[in-house]
Every structure is written in structure tokens, then in C-alpha cells.
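Below is one structure, written out as C-alpha cells; comments come after it.
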Amino acid sequence: MKKVQESLFIQGRKELLKRLLDRLLERYAYVSVLAVDSRSKTYSVSKRNMGAGESGIGTARGFVVKVSDGKHYGEYSFNKLDEEDLDQICRHVGELMESSDRLLPEGLEERVFQIPSEEKKEFLGSTDYEIDPEEMGADAILEHLSRIKEKGLAVSEEILDCHVNCAYQKYTKLFLSRDKCMEQNVMWMTGAISFAASRGEEIKDYYMSYSNLGGAEVLSRMEADVEAGAEVTLELLKSQPIVPGEYDCVCSPEVTGMIVHEAFGHGVEMDMFVKKRALAEKYVGEYVASELVTMHDGAGAALETATYFFDDEGTPAHDTVVIEKGILKRGISDLQSALTLGTEPTGNGRRESFRRKAYTRMTNTFFEGGSSTKEEMIASVDYGFLLENPSSGMEDPKNWGIQCMVNIAREIRDGKLTGRIFSPIVLTGYVPDLLKSISMMSGEVRLGGGGMCGKGYKEWVKVSDGGPYIKARIRLG
């Protein structure tokens, strides 16, 4: 294994950033500086197209200063830092803070925030990888993706297309405050294979995603799976619509992950508690799920694409137990929400980029495993379905509703898979009812981090989710 290397750009400006910090600390009770150098590229191959390019969201290089005078907080972001820029940056920060009283809209009350308490901490951490995609190069990556594509197309003439893509992000973040000097160097890589197939008038698609906290070694997993993915796509050509109803279901770890993310992920983001937009706040300390359910979130809870050593506000990564044996214990928070609510921050303060505000965001979100097996769960179902291949989901944290799309429901009758497939599937329900119905969980736990998550329709960050196979009573349509 190799370690992700530090950013030469940030190292070259570290002393300037410390001087900026010291100058601002002469005037303000709290000052922090975050420096970011992030590079991200995407690669794509299909039957008709091939390309590589830089990712707009994942590529950024700049700084954000956060200050407090004991009453207000202000932030100022910039992407140019040389010796001659220090005076101008300090002046802009001063003007921002002096205008704070005038910026308060009429009719709104001012909230006074405390100065965050900090312990002295110096830290340098890097994640591991086997194959650096930058060293591998675009030509070699595209050649590998093309090989995967050709294997998928060769399975059957009914496969119309096999679209293969991958992406990586490599970033360095430096956080400075009066008592902290922390640096992290992180890389993740994701991949995806999507198929389209036709038979007569019927056209179906299928999607597989891959991720790791690492590098281009993920490509070998994709190549090993592509032919099996093509076969599943062909299976979908004989799928039928499902009869709407409530069924006993066994969910794959991927479907479990979508349920975890949508059911209780956004609902326990504590900036939503501050805004009174999350029903979960009223149920802390109460049963909201089966006693089999223990749910985690945290950048320190697993090794996946949402793993980091500290968040964008300098809080160390946590492993937060959100639900413990069915009882909702706590939410997850950024620094500002924690100061408002009088709680400890959980290391979930994340920015889309240095240009954007930090919000409470999920990281690695998952259920712990249980003691059953997938086979035991299937054998326990008189009539129901094995749910696989989630595609999308949404939830309503104010009312605890959930709606998710799943591509495959495999029929189970008398404890055995019949071979019949139903698609597409809409999974709906009231979150506590769904989670309280969980009666079995497997020992096997898997997480995936192929997707990104927005705060509403914006503020995109990398997340991962997952868990074990679960058996639950679920409304399908």
C-alpha cells in the first residue's frame, strides 16, 4: 500500500496562512483557516463515445477564513494568496464583520453564538491506495474501460449498449486555528457499469456501482463483474409489473443502504433540528426501530468514499451511534448547529467547496449486522420478494415518509426463489413502521459509496451507505 501525498500548493502557502491566522487573532476571539486543494477527473466509454475530463464539483483550490468577535460569525473565501494579498484579506474580513449588524433583516432576532472550545491538536494523516489513477494515465484507464465494455457487449446481441465510467478525487485539506494545525490527504475512486438491452418491444436497463477509499484498483472488480451484470440485464427483459401491496421482503445490503440514507440520514441532520424541520428531534430517547437495529454515521465509522480524518470545521472524524438497539440516541451535527443546540459537534460539517457554507451532512451511514444469513431470511418467507439494485430515493424528514426506487424484486414462495422477476418497484412507507418491522439481519455488512448527496437540490458531497441483508415488512408498488 502507498500513502496519498500532500499538496505542494498548500505546503507552499502554509507559512502565509499561519501569518494570516496570527494577524486575525489579534482582532478576533476565534479564527480558523481552511485550505483546500482538490483534483477530480472522470472517464467514460460507451458504444458510441469515449472521453475524459475534469470534474467541476470535485476540482477546487482555495481558502476560507472563519472568524467570530464573540457575537457574530463571518466567513470569507478566496483563491489567491500571496504576500501582497494579506492586507486586502484582513480588510475584507473586517468590513464583513463591521457590516454584520446592518445585514440583519428587520423583524429577525439575533442569535449570539459561543466561541467553540478547542483542545490543542496537531495531526497529519493520509489514506492508502494501490494504483494512482494520475500515474496510470487517461489512455490506460480508457483502454481498461473499453475492455470492460467489450466484455459486456459480447454476452448477447440483445445488449444494446454497455456504458462504463469511473471517477476519482484526490484532495489535501489543511485546517488552522489558535490551537489546531491539522492536515489530511485523501483519495477515493468510483466506477459504474450500465447496460441497456432489448427484446422485441421491451427495453430494460441495469446499473452496477463500485467504490473504494483508494485508487484505480477498483477497475479490476468492475471487469470481473461485467458479464454477470449483462446476464441480469437480460433477465430483466422477462420482468413483470408487481401487484401493489405490503409484503415480507429481504433487502440486499445496497437496498438497506438506501433505506438507511433516506429513512434516517437526512432526518437526523441537526441543522434541521435548529430549523424545526425534522420530526426525529422529538423522538430522541424513544424506540423508532426494531431492537435489532443499530445505526452508525461517521467519517471515522468505516473506510469508504466518505471517510476523512477531520471535517471542514476542524472537528475530528467520529463514529456516531444514531440508533442503538432500536432507540434513537442522537443526531449528527456541524459545529454551528452544535453551538446552537448546546451539544458536541460530531464531525459532520462539510462544504461542497471552499466557496460554500458548511452544513451538517451524512458520511458513512449504515446498519450494524445481525446473526442471521441471507438464506435463512429467504427460507422464512412464505410469500414475498428479494429486493436488489436500488436506483434512487427521497424522504420527508418533517413527516418521516420515504419513497425509493428499486430495479429488481425476485419472487419468494414457500421459502424459495421462484425465478420470477418484477420491475420497476416503488418502495414507500412511514419510516418507524418500516424499521420496527425488521425481524432478521445478516452478519454480512457491505457499504458502497458510488453516489453523491445534495442538501435539497444543491451542496453536493460524497457519501456512502449500506448494511446487512434485512428482512422487513414493506409496501411495494
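Going through the C-alpha cells in order, the chains are called A, B, and so on, while each chain numbers its residues from 1 and the ligands are numbered from 1 in the order shown.
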Show me, as JSON lines, the residues of range 308-424 of chain A having an atom within 8 Å of range 269-280 of chain A, each with the closest atom pair and its distance in Å, using only C-alpha atoms.
```
{"residue": "A:Gly331", "atom": "CA", "partner": "A:Met270", "partner_atom": "CA", "distance": 5.9}
{"residue": "A:Ile332", "atom": "CA", "partner": "A:Glu269", "partner_atom": "CA", "distance": 5.3}
{"residue": "A:Ser333", "atom": "CA", "partner": "A:Met270", "partner_atom": "CA", "distance": 5.1}
{"residue": "A:Asp334", "atom": "CA", "partner": "A:Asp271", "partner_atom": "CA", "distance": 7.5}
{"residue": "A:Ser337", "atom": "CA", "partner": "A:Asp271", "partner_atom": "CA", "distance": 5.3}
{"residue": "A:Ala338", "atom": "CA", "partner": "A:Met270", "partner_atom": "CA", "distance": 7.8}
{"residue": "A:Thr340", "atom": "CA", "partner": "A:Val274", "partner_atom": "CA", "distance": 7.3}
{"residue": "A:Leu341", "atom": "CA", "partner": "A:Val274", "partner_atom": "CA", "distance": 7.2}
{"residue": "A:Tyr359", "atom": "CA", "partner": "A:Asp271", "partner_atom": "CA", "distance": 7.3}
{"residue": "A:Thr360", "atom": "CA", "partner": "A:Glu269", "partner_atom": "CA", "distance": 5.7}
{"residue": "A:Arg361", "atom": "CA", "partner": "A:Glu269", "partner_atom": "CA", "distance": 6.6}
{"residue": "A:Met362", "atom": "CA", "partner": "A:Glu269", "partner_atom": "CA", "distance": 7.5}
{"residue": "A:Pro397", "atom": "CA", "partner": "A:Ala278", "partner_atom": "CA", "distance": 4.9}
{"residue": "A:Lys398", "atom": "CA", "partner": "A:Ala278", "partner_atom": "CA", "distance": 4.5}
{"residue": "A:Asn399", "atom": "CA", "partner": "A:Leu279", "partner_atom": "CA", "distance": 6.3}
{"residue": "A:Trp400", "atom": "CA", "partner": "A:Leu279", "partner_atom": "CA", "distance": 6.8}
```
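Checking A:Glu313, A:Asp382, A:Asp85, A:Glu201 one by one against Met182 in chain A, counting only C-alpha atoms, you find the shortest gap at A:Glu313.
The shortest atom-to-atom distance to Pro253 in chain A, with only C-alpha atoms taken into account, belongs to A:Glu368 out of A:Asp433, A:Glu368, A:Glu286, A:Asp297.
Considering only C-alpha atoms, the residue among A:Leu16, A:Met377, A:Leu145, A:Ala60 positioned nearest to Glu83 in chain A is A:Leu16.
The shortest atom-to-atom distance to Val243 in chain A, with only C-alpha atoms taken into account, belongs to A:Ala409 out of A:Leu20, A:Ala409, A:Val218, A:Ala29.
Taking only C-alpha atoms into account, Met50 in chain A lies nearest to A:Asp139 out of the set A:Ile115, A:Glu110, A:Ser100, A:Asp139.
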Can you pull out the residues contacting range 205-213 of chain A? Cut-off 6 Å, using only C-alpha atoms, and skip same-chain residues under 5 positions away; I want them as a count of residues only.
14
Listing only residues of range 215-312 of chain A within 7 Å of range 130-133 of chain A, what is the closest atom pair and its distance in Å (to one decimal) for each, using only C-alpha atoms, sorted by chain and residue number ascending, as a tab-separated table?
```
residue	atom	partner	partner_atom	distance
A:Gly215	CA	A:Ile131	CA	5.2
A:Ala216	CA	A:Ile131	CA	5.1
A:Glu217	CA	A:Ile131	CA	5.8
```
Any chance you could list, as a PyMOL selection string, the residues in range 348-382 of chain A that come up alpha helix (DSSP H) when DSSP is run on the backbone?
chain A and resi 374-379
May I ask which of the residues A:Gly214, A:Gly326, A:Gly314, A:Gly347 is the closest one to Ala299 in chain A, counting only C-alpha atoms?
A:Gly347
Write down as a PyMOL selection string the residues of range 106-353 of chain A whose backbone DSSP state falls under strand (DSSP E).
chain A and resi 121-126+128-129+159-177+180-199+202-212+245-251+295-297+320-324+327-328+349-350
May I have the residues within 10 Å of Ala52 in chain A as number ranges by chain, using only C-alpha atoms and disregarding those fewer than 3 positions away in the same chain?
A: 41-45, 55, 138-139, 141-142, 165-167
Atom-to-atom span, CA of Leu21 in chain A and CA of Val65 in chain A, Å
8.6 Å
Who sits within 9 Å of Glu231 in chain A, only C-alpha atoms, same chain under 4 positions skipped, as a PyMOL selection string:
chain A and resi 155-156+226-227+235-236
Show which residues sit within 10 Å of Val431 in chain A, as number ranges by chain. Count only C-alpha atoms, and ignore same-chain residues fewer than 6 positions away.
A: 259-260, 262-264, 288-289, 395-397, 399-403
